[in-house]
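Chemist: Just one file: coords-v2.cif, with mmCIF, C-alpha atoms.
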data_my_file
loop_
_atom_site.label_atom_id
_atom_site.label_comp_id
_atom_site.auth_asym_id
_atom_site.auth_seq_id
_atom_site.Cartn_x
_atom_site.Cartn_y
_atom_site.Cartn_z
CA MET E 1 21.87 23.98 -6.40
CA ALA E 2 18.29 25.19 -6.21
CA ARG E 3 14.93 23.52 -6.52
CA PRO E 4 13.55 23.40 -10.10
CA LEU E 5 11.19 26.40 -9.76
CA ALA E 6 13.40 28.58 -7.58
CA GLY E 7 13.03 32.20 -8.67
CA VAL E 8 9.58 31.65 -10.22
CA ARG E 9 6.98 34.01 -8.78
CA VAL E 10 3.40 32.76 -8.55
CA LEU E 11 0.29 34.70 -7.58
CA GLU E 12 -2.54 32.49 -6.39
CA PHE E 13 -6.13 33.78 -6.34
CA ALA E 14 -7.78 30.57 -5.20
CA ASN E 15 -10.08 28.91 -2.68
CA PHE E 16 -10.71 25.40 -1.38
CA ILE E 17 -8.87 22.65 -3.28
CA ALA E 18 -8.15 22.79 -7.02
CA GLY E 19 -6.34 26.13 -7.24
CA PRO E 20 -4.61 25.88 -3.84
CA PHE E 21 -3.36 22.33 -4.49
CA CYS E 22 -1.95 23.48 -7.83
CA GLY E 23 -0.22 26.42 -6.12
CA MET E 24 1.13 24.13 -3.42
CA LEU E 25 2.65 21.77 -5.98
CA LEU E 26 4.44 24.71 -7.59
CA GLY E 27 5.61 25.90 -4.18
CA ASP E 28 6.93 22.44 -3.31
CA MET E 29 9.20 22.68 -6.34
CA GLY E 30 10.62 25.99 -5.16
CA ALA E 31 8.31 28.64 -6.62
CA ASP E 32 7.69 31.74 -4.51
CA VAL E 33 3.91 31.48 -4.15
CA VAL E 34 1.94 34.44 -2.84
CA LYS E 35 -1.59 33.49 -1.88
CA ILE E 36 -3.82 36.54 -2.21
CA GLU E 37 -6.72 36.19 0.19
CA PRO E 38 -9.76 38.35 0.95
CA PRO E 39 -10.00 39.79 4.47
CA ARG E 40 -12.04 36.75 5.57
CA GLY E 41 -9.42 34.39 4.10
CA ASP E 42 -9.64 31.35 1.87
CA LEU E 43 -12.94 29.61 2.58
CA ALA E 44 -10.99 26.43 3.34
CA ARG E 45 -9.75 28.09 6.53
CA ALA E 46 -13.14 27.14 8.02
CA ILE E 47 -12.93 23.44 7.08
CA PRO E 48 -12.52 21.08 10.06
CA PRO E 49 -10.69 19.67 11.85
CA MET E 50 -9.83 22.89 13.68
CA ILE E 51 -6.88 23.15 16.06
CA ASN E 52 -6.48 26.33 18.08
CA GLY E 53 -8.77 28.08 15.62
CA GLU E 54 -6.77 27.06 12.54
CA SER E 55 -7.84 24.50 9.93
CA ALA E 56 -5.66 21.42 9.59
CA SER E 57 -7.26 20.84 6.17
CA PHE E 58 -6.22 24.32 5.00
CA ALA E 59 -2.71 23.67 6.28
CA ALA E 60 -2.50 20.46 4.24
CA LEU E 61 -3.33 22.38 1.04
CA ASN E 62 -1.30 25.54 1.45
CA ARG E 63 2.26 24.88 2.58
CA ASN E 64 5.15 26.70 0.91
CA LYS E 65 3.09 29.86 0.40
CA LYS E 66 2.96 33.41 1.68
CA SER E 67 -0.38 34.93 2.66
CA LEU E 68 -1.22 38.45 1.53
CA VAL E 69 -4.59 39.91 2.44
CA LEU E 70 -6.03 42.21 -0.22
CA ASP E 71 -9.59 43.42 -0.49
CA LEU E 72 -10.13 43.07 -4.23
CA LYS E 73 -13.56 44.68 -3.93
CA CYS E 74 -11.86 48.04 -3.56
CA ALA E 75 -9.92 49.79 -6.33
CA GLU E 76 -6.76 50.14 -4.28
CA GLY E 77 -6.64 46.43 -3.53
CA ARG E 78 -7.11 45.57 -7.18
CA ASP E 79 -4.38 48.02 -8.16
CA LEU E 80 -1.93 46.45 -5.72
CA ALA E 81 -2.73 42.98 -7.10
CA LEU E 82 -2.12 44.17 -10.65
CA ARG E 83 1.20 45.72 -9.64
CA LEU E 84 2.23 42.38 -8.14
CA ALA E 85 1.12 40.58 -11.30
CA ALA E 86 3.39 42.82 -13.34
CA GLY E 87 6.37 41.19 -11.63
CA ALA E 88 5.03 37.65 -11.48
CA ASP E 89 5.70 34.67 -13.73
CA VAL E 90 2.48 32.73 -13.09
CA VAL E 91 -1.07 33.54 -12.04
CA VAL E 92 -3.26 30.67 -10.80
CA GLU E 93 -6.94 31.35 -10.16
CA ASN E 94 -10.02 29.19 -9.60
CA ASN E 95 -12.80 31.71 -9.40
CA ARG E 96 -16.00 31.41 -11.38
CA PRO E 97 -15.57 32.57 -15.00
CA GLY E 98 -15.99 36.33 -15.26
CA VAL E 99 -14.94 37.15 -11.70
CA MET E 100 -11.34 38.03 -12.53
CA GLU E 101 -12.52 40.06 -15.53
CA ARG E 102 -14.86 42.10 -13.33
CA LEU E 103 -11.96 42.72 -10.97
CA GLY E 104 -9.71 43.86 -13.80
CA LEU E 105 -7.34 40.97 -13.09
CA ASP E 106 -8.17 38.64 -15.98
CA ALA E 107 -5.55 37.36 -18.39
CA ALA E 108 -6.04 40.24 -20.85
CA ALA E 109 -5.56 42.84 -18.12
CA VAL E 110 -2.49 41.14 -16.68
CA ARG E 111 -0.96 40.70 -20.12
CA LYS E 112 -1.06 44.45 -20.63
CA VAL E 113 1.38 44.90 -17.76
CA ASN E 114 3.17 41.56 -18.18
CA PRO E 115 3.05 40.07 -21.71
CA ALA E 116 5.04 36.98 -20.68
CA ILE E 117 2.66 35.94 -17.89
CA VAL E 118 1.60 32.31 -17.60
CA TYR E 119 -2.05 32.56 -16.60
CA THR E 120 -3.87 29.40 -15.49
CA SER E 121 -7.59 29.37 -14.75
CA VAL E 122 -9.21 26.28 -13.26
CA SER E 123 -12.99 26.14 -12.89
CA GLY E 124 -15.82 23.65 -12.75
CA PHE E 125 -16.94 23.85 -16.38
CA GLY E 126 -14.33 26.03 -18.11
CA GLN E 127 -14.24 29.63 -19.24
CA THR E 128 -16.58 29.17 -22.21
CA GLY E 129 -19.71 27.20 -23.08
CA PRO E 130 -23.30 27.30 -21.84
CA ASP E 131 -22.43 25.87 -18.40
CA ARG E 132 -19.51 28.21 -17.72
CA ASN E 133 -21.27 30.04 -14.87
CA ARG E 134 -22.83 26.96 -13.33
CA ALA E 135 -21.78 26.18 -9.76
CA GLY E 136 -19.62 23.09 -9.80
CA VAL E 137 -18.23 21.66 -6.57
CA ASN E 138 -16.46 18.30 -6.61
CA LEU E 139 -19.47 16.00 -6.17
CA ILE E 140 -21.48 17.81 -8.83
CA ILE E 141 -18.62 17.40 -11.32
CA GLU E 142 -18.27 13.70 -10.46
CA ALA E 143 -21.98 13.26 -11.13
CA MET E 144 -22.10 15.20 -14.39
CA ALA E 145 -18.79 13.96 -15.84
CA GLY E 146 -19.88 10.32 -15.76
CA THR E 147 -17.60 9.33 -12.90
CA LEU E 148 -20.42 8.21 -10.61
CA SER E 149 -22.30 6.39 -13.37
CA VAL E 150 -19.76 3.55 -13.43
CA MET E 151 -19.43 3.17 -9.66
CA GLY E 152 -21.26 0.70 -7.45
CA GLU E 153 -23.33 -2.38 -8.11
CA PRO E 154 -25.59 -2.46 -11.19
CA GLY E 155 -28.88 -0.74 -10.49
CA ALA E 156 -27.83 0.64 -7.11
CA MET E 157 -27.31 4.28 -6.14
CA PRO E 158 -23.69 5.08 -7.06
CA PRO E 159 -21.40 5.61 -4.07
CA ARG E 160 -19.47 8.84 -3.76
CA PRO E 161 -15.69 8.44 -4.16
CA GLY E 162 -13.96 8.72 -0.82
CA ILE E 163 -11.52 11.37 -2.10
CA GLN E 164 -11.98 14.57 -4.07
CA THR E 165 -11.34 13.18 -7.55
CA ALA E 166 -12.53 16.10 -9.70
CA ASP E 167 -10.73 18.74 -7.64
CA MET E 168 -7.49 16.77 -7.60
CA PHE E 169 -7.58 15.94 -11.31
CA GLY E 170 -8.18 19.62 -12.05
CA ALA E 171 -5.34 20.67 -9.77
CA LEU E 172 -2.89 18.27 -11.41
CA PHE E 173 -3.83 19.42 -14.92
CA ALA E 174 -3.57 23.06 -13.79
CA ALA E 175 -0.06 22.45 -12.44
CA TYR E 176 0.81 20.66 -15.69
CA ALA E 177 -0.51 23.63 -17.72
CA SER E 178 1.42 26.11 -15.59
CA LEU E 179 4.67 24.20 -15.94
CA ALA E 180 4.22 23.82 -19.69
CA GLY E 181 3.52 27.55 -19.89
CA LEU E 182 6.72 28.33 -18.01
CA VAL E 183 8.76 26.16 -20.39
CA GLY E 184 7.17 27.90 -23.37
CA ALA E 185 7.83 31.33 -21.90
CA ALA E 186 11.44 30.45 -21.17
CA ARG E 187 12.00 29.25 -24.73
CA GLY E 188 10.00 31.75 -26.71
CA GLY E 189 9.40 34.66 -24.37
CA GLU E 190 5.65 34.31 -24.72
CA GLY E 191 3.32 33.25 -21.92
CA ARG E 192 0.26 31.03 -22.16
CA VAL E 193 -3.31 31.39 -20.96
CA SER E 194 -4.69 28.01 -19.88
CA ASP E 195 -8.34 27.12 -19.29
CA VAL E 196 -8.63 23.98 -17.13
CA SER E 197 -12.07 22.50 -16.49
CA LEU E 198 -12.73 20.05 -13.65
CA MET E 199 -15.42 18.48 -15.84
CA GLU E 200 -13.03 17.91 -18.74
CA ALA E 201 -10.21 16.75 -16.45
CA SER E 202 -12.54 14.13 -14.99
CA ILE E 203 -13.70 12.92 -18.41
CA ALA E 204 -10.14 12.89 -19.76
CA THR E 205 -9.00 10.52 -17.01
CA ALA E 206 -11.78 8.01 -17.76
CA ILE E 207 -9.59 6.26 -20.32
CA TRP E 208 -11.18 2.79 -20.38
CA GLU E 209 -14.72 4.11 -20.26
CA THR E 210 -14.43 6.64 -23.08
CA ALA E 211 -12.43 4.19 -25.21
CA GLU E 212 -15.15 1.56 -24.85
CA TYR E 213 -17.91 4.00 -25.67
CA PHE E 214 -16.18 5.41 -28.76
CA ALA E 215 -15.18 1.97 -30.03
CA THR E 216 -18.47 0.15 -29.49
CA GLY E 217 -21.18 2.73 -28.91
CA LYS E 218 -22.02 0.90 -25.69
CA VAL E 219 -22.56 3.14 -22.67
CA PRO E 220 -20.27 1.96 -19.85
CA GLY E 221 -22.25 0.92 -16.79
CA GLN E 222 -21.79 -0.01 -13.17
CA LEU E 223 -19.53 -2.99 -12.54
CA GLY E 224 -19.36 -3.21 -8.77
CA HIS E 225 -15.85 -4.38 -7.94
CA SER E 226 -15.16 -5.79 -11.39
CA HIS E 227 -12.83 -4.34 -14.00
CA ARG E 228 -14.11 -3.19 -17.35
CA SER E 229 -11.94 -5.51 -19.42
CA THR E 230 -10.17 -8.01 -17.15
CA ALA E 231 -11.23 -10.82 -14.81
CA PRO E 232 -10.58 -11.55 -12.07
CA TYR E 233 -9.64 -8.00 -11.10
CA GLN E 234 -11.56 -7.06 -7.98
CA LEU E 235 -12.00 -7.40 -4.23
CA PHE E 236 -12.56 -10.70 -2.46
CA ALA E 237 -13.62 -11.38 1.13
CA THR E 238 -11.33 -13.48 3.33
CA SER E 239 -12.16 -15.75 6.27
CA GLU E 240 -11.95 -13.02 8.93
CA GLY E 241 -14.08 -10.55 6.97
CA ARG E 242 -11.24 -8.47 5.54
CA HIS E 243 -11.01 -7.76 1.84
CA VAL E 244 -8.12 -8.25 -0.55
CA ALA E 245 -7.64 -6.82 -4.01
CA VAL E 246 -6.52 -9.25 -6.71
CA GLY E 247 -5.52 -8.34 -10.25
CA VAL E 248 -4.71 -10.98 -12.87
CA PRO E 249 -3.36 -9.23 -15.97
CA SER E 250 -1.99 -12.27 -17.86
CA ASP E 251 -2.47 -15.98 -18.49
CA ALA E 252 0.61 -16.75 -16.41
CA HIS E 253 -0.72 -14.83 -13.42
CA PHE E 254 -4.07 -16.57 -13.78
CA ALA E 255 -2.42 -19.98 -13.80
CA ARG E 256 -0.49 -19.20 -10.60
CA LEU E 257 -3.61 -17.90 -8.84
CA MET E 258 -5.62 -20.98 -9.75
CA ALA E 259 -2.84 -23.31 -8.65
CA VAL E 260 -2.54 -21.67 -5.23
CA LEU E 261 -6.29 -21.92 -4.75
CA GLY E 262 -6.42 -25.57 -5.76
CA LEU E 263 -8.35 -24.77 -8.91
CA GLY E 264 -5.74 -25.91 -11.41
CA ASP E 265 -8.15 -28.33 -13.07
CA HIS E 266 -10.11 -25.34 -14.37
CA LEU E 267 -7.19 -24.05 -16.43
CA ALA E 268 -8.25 -26.35 -19.29
CA ASP E 269 -11.82 -25.08 -19.19
CA PRO E 270 -12.38 -23.48 -22.62
CA ARG E 271 -14.26 -20.63 -20.94
CA PHE E 272 -11.12 -19.49 -19.11
CA THR E 273 -8.26 -19.97 -21.61
CA SER E 274 -7.81 -16.30 -22.54
CA LEU E 275 -8.26 -12.89 -20.97
CA ALA E 276 -11.22 -12.12 -23.22
CA LEU E 277 -12.91 -15.44 -22.44
CA ARG E 278 -12.38 -15.02 -18.71
CA LYS E 279 -14.03 -11.61 -18.85
CA GLU E 280 -16.89 -13.00 -20.95
CA ASN E 281 -17.45 -15.80 -18.41
CA GLU E 282 -16.75 -13.73 -15.31
CA ALA E 283 -20.09 -14.66 -13.73
CA VAL E 284 -18.96 -18.29 -13.59
CA LEU E 285 -15.28 -17.73 -12.78
CA VAL E 286 -15.50 -15.22 -9.95
CA PRO E 287 -17.70 -17.32 -7.62
CA LEU E 288 -15.22 -20.21 -7.96
CA ILE E 289 -12.36 -17.99 -6.88
CA ALA E 290 -14.37 -16.16 -4.20
CA ALA E 291 -15.30 -19.42 -2.47
CA LYS E 292 -11.64 -20.46 -2.24
CA VAL E 293 -10.30 -17.06 -1.15
CA ALA E 294 -12.89 -17.06 1.66
CA GLU E 295 -11.05 -20.02 3.18
CA TRP E 296 -7.87 -17.96 3.68
CA THR E 297 -6.95 -15.20 6.10
CA ALA E 298 -6.00 -11.97 4.40
CA ALA E 299 -2.41 -12.19 5.62
CA ASP E 300 -1.91 -15.78 4.46
CA PHE E 301 -3.50 -15.15 1.09
CA GLU E 302 -1.43 -12.01 0.50
CA ALA E 303 1.75 -13.91 1.41
CA ALA E 304 0.91 -16.71 -1.01
CA MET E 305 0.21 -14.26 -3.81
CA LEU E 306 3.47 -12.41 -3.14
CA ARG E 307 5.41 -15.67 -3.40
CA GLU E 308 3.81 -16.36 -6.76
CA GLY E 309 4.15 -12.79 -8.06
CA VAL E 310 0.40 -12.32 -8.44
CA PRO E 311 -0.71 -8.70 -7.88
CA CYS E 312 -2.55 -8.62 -4.57
CA GLY E 313 -3.02 -6.32 -1.61
CA PRO E 314 -5.25 -5.93 1.43
CA VAL E 315 -7.75 -3.10 1.72
CA ARG E 316 -6.09 -0.83 4.29
CA ASN E 317 -7.52 2.07 6.22
CA TYR E 318 -5.47 5.27 6.36
CA ALA E 319 -3.90 4.39 9.71
CA GLU E 320 -2.65 1.16 8.15
CA ALA E 321 -1.61 2.81 4.88
CA LEU E 322 0.31 5.66 6.55
CA GLY E 323 1.88 3.37 9.13
CA ASN E 324 2.94 0.67 6.68
CA PRO E 325 6.69 -0.21 6.90
CA HIS E 326 7.19 0.52 3.20
CA ILE E 327 5.65 3.99 3.54
CA ARG E 328 7.72 4.65 6.67
CA ALA E 329 10.87 3.53 4.87
CA ARG E 330 10.13 5.96 2.05
CA GLY E 331 9.59 8.82 4.49
CA LEU E 332 6.22 9.84 3.06
CA VAL E 333 4.97 11.13 6.41
CA VAL E 334 6.96 14.09 7.72
CA GLU E 335 6.57 16.53 10.58
CA THR E 336 6.37 20.29 10.35
CA GLU E 337 6.07 23.07 12.89
CA HIS E 338 3.13 25.46 12.52
CA PRO E 339 2.91 28.64 14.61
CA VAL E 340 -0.67 27.87 15.69
CA LEU E 341 -1.27 24.18 14.95
CA GLY E 342 2.02 23.20 16.57
CA ARG E 343 3.93 20.07 15.62
CA GLN E 344 2.01 18.44 12.78
CA LYS E 345 2.36 15.33 10.65
CA THR E 346 1.74 15.74 6.95
CA VAL E 347 2.30 13.93 3.66
CA ARG E 348 5.29 15.15 1.68
CA ASN E 349 5.23 15.72 -2.06
CA PRO E 350 5.17 12.22 -3.64
CA VAL E 351 7.90 13.09 -6.17
CA LEU E 352 11.45 12.14 -5.17
CA MET E 353 14.34 13.65 -7.14
CA ASP E 354 18.02 12.78 -7.00
CA HIS E 355 18.81 16.29 -5.75
CA ASP E 356 17.08 19.57 -4.90
CA GLY E 357 13.62 18.10 -5.26
CA PRO E 358 10.40 19.24 -3.65
CA GLU E 359 10.49 20.08 0.03
CA ILE E 360 8.38 21.69 2.70
CA ALA E 361 10.27 24.92 3.25
CA ARG E 362 7.49 26.58 5.24
CA PRO E 363 4.16 25.55 6.75
CA ALA E 364 0.86 26.96 5.55
CA PRO E 365 0.63 30.65 6.38
CA VAL E 366 -1.60 32.29 8.93
CA LEU E 367 -4.00 34.74 7.27
CA GLY E 368 -2.08 37.90 6.36
CA GLN E 369 1.20 36.57 7.72
CA HIS E 370 3.22 37.98 4.83
CA SER E 371 1.19 41.07 3.92
CA ARG E 372 3.87 43.47 5.13
CA GLU E 373 6.68 41.52 3.40
CA VAL E 374 4.97 41.17 0.02
CA LEU E 375 3.69 44.74 -0.17
CA GLY E 376 7.17 45.88 0.80
CA LEU E 377 8.33 44.51 -2.56
CA LEU E 378 6.22 47.25 -4.15
CA GLY E 379 8.03 49.90 -2.12
CA ILE E 380 5.26 50.32 0.43
CA GLY E 381 6.76 51.55 3.66
CA GLU E 382 5.54 51.40 7.25
CA ASN E 383 3.35 54.50 7.14
CA GLU E 384 1.66 53.50 3.88
CA PHE E 385 1.19 49.94 5.14
CA ALA E 386 -0.48 51.24 8.29
CA ARG E 387 -2.79 53.38 6.18
CA LEU E 388 -3.75 50.40 4.03
CA ILE E 389 -4.59 48.39 7.14
CA GLU E 390 -6.65 51.26 8.50
CA ALA E 391 -8.52 51.49 5.19
CA GLY E 392 -9.24 47.74 5.22
CA VAL E 393 -7.30 47.17 2.00
CA THR E 394 -4.99 44.68 3.70
CA ALA E 395 -4.54 42.97 7.05
CA GLU E 396 -1.68 41.46 9.00
CA ALA E 397 -1.46 38.34 11.12
CA ARG E 398 -0.92 39.00 14.80
CA LEU E 399 1.78 36.52 15.77
CA GLN E 400 4.57 36.72 18.28
CA SER E 401 8.09 36.94 16.89
CA ALA E 402 8.87 33.37 17.99
CA GLU E 403 5.78 32.10 16.20
CA LEU E 404 6.69 34.00 13.05
CA SER E 405 10.16 32.50 13.13
CA ALA E 406 8.72 28.99 13.43
CA ALA E 407 6.41 29.76 10.50
CA GLY E 408 9.23 30.77 8.20
CA GLY E 409 8.13 34.38 8.08
#
Step by step, read the file and then write its structure as structure tokens.
Modeler:
Amino acid sequence: MARPLAGVRVLEFANFIAGPFCGMLLGDMGADVVKIEPPRGDLARAIPPMINGESASFAALNRNKKSLVLDLKCAEGRDLALRLAAGADVVVENNRPGVMERLGLDAAAVRKVNPAIVYTSVSGFGQTGPDRNRAGVNLIIEAMAGTLSVMGEPGAMPPRPGIQTADMFGALFAAYASLAGLVGAARGGEGRVSDVSLMEASIATAIWETAEYFATGKVPGQLGHSHRSTAPYQLFATSEGRHVAVGVPSDAHFARLMAVLGLGDHLADPRFTSLALRKENEAVLVPLIAAKVAEWTAADFEAAMLREGVPCGPVRNYAEALGNPHIRARGLVVETEHPVLGRQKTVRNPVLMDHDGPEIARPAPVLGQHSREVLGLLGIGENEFARLIEAGVTAEARLQSAELSAAGG
């Protein structure tokens, strides 16, 4: 058996996070992903931490790909890219709108040589509209999409999310669009052109906030650690200064929590007899609970909540999260061998399938590692390849044979 996307050819024209993460997800599922990079490489290759001159961050975003260097600023490089697109199934790109058109590699141009192509563009603000050419890195999107406006304590400067929310949302929707396009092409023989906006992906995932605004006209605001519609549903401090997350989604859960904390007498309080009333009277309820939780250690409180089936968990750092026995039992952290970075730990694809699911078949490529191999598919022999290198159209990684073998190429 083969992985689900085995035999699917993907061309990736992408930098940093959104496009590369989308391409990596497709590669994990078995697609043959060729990452077309400029002579300087994906800009993420300069993102620390650096090990032996290679970026560990780039490696985490670009496994299961081949690296082909093409100078798309020259006509010959653009022609080679178009020839590769003619035999591809999917193109993923995250350039600013208009860039691929100027290069002659936009969806319309590729469709002329490959009508069934699935062409996915992911950008900050989308391919149309007055903001289409506006620069939009992750933080800017989080600010403009409303994400930051509901974070932090009321009246305080909103904190920045600790992870790249806009980029990751965009990448997931881009992968979703690409997969849907492949299904459509397989059934009807016609490809799809998808326009994925980080801004719209971020707004689309704000389900509670947009629902509240549309239903009531009230602009959602900052809630600190509180939930928009449920209480208690937040962080509490414990006796040793650690924090635990507690979520109480039902009357039964609330009753168990209050009993454990010795607050059972408050269950008859008319302010707390329903979810809506508890949320309405949150300012009274939460201090009662916070004072009691502060008497417990995090470990003891978590254990008590687990016994009662009340959703609860400690705030872990990444060392604790990655080293947790449950995560170890699931095998989320795996080791790979990179020709430059050496033996590296990484996080596997989070999807587990009963057979032939996603896997890490090769580590992230060194810049130009597969230029010779990929251009060979176009019938370019040794002499022509040497000429292209001399002309600066392409470049090749300089690795020893043992390193290339370890790198899967």
Chemist: Which is closest to Gly27 of chain E among E:Lys73, E:Leu11, E:Val246, E:Glu153, if we use only C-alpha atoms?
Modeler: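 Result for the nearest residue to Gly27 of chain E: E:Leu11.
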Chemist: Report the residues retrieved by the PyMOL selection byres ((chain E and resi 38-55) around 6) from the displayed file, expressed as a ChimeraX atom specification.
Modeler: /E:15-16,37,56-58,69-71,341
Chemist: Would you list the contacts of Gln222 of chain E as a PyMOL selection string, taking every protein, DNA or RNA residue within 8 Å and counting only C-alpha atoms, but skipping same-chain residues closer than 2 positions in sequence?
Modeler: chain E and resi 149-155+220+224
Chemist: Could you give me, as a list in words, the residues within 10 Å of segment 264-280 of chain E, counting all atoms listed in the file and dropping anything in the same chain fewer than 6 positions from it?
Modeler: Ser226, His227, Arg228, Ser229, Thr230, Ala231, Pro232, Tyr233, Val248, Pro249, Ser250, Asp251, Phe254, Ala255, Arg256, Leu257, Met258, Val286 and Leu288 of chain E
Chemist: Report the distance between atom CA of Leu378 of chain E and atom CA of Gly77 of chain E in Å, rounded to one decimal place.
Modeler: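 The value is 12.9 Å.
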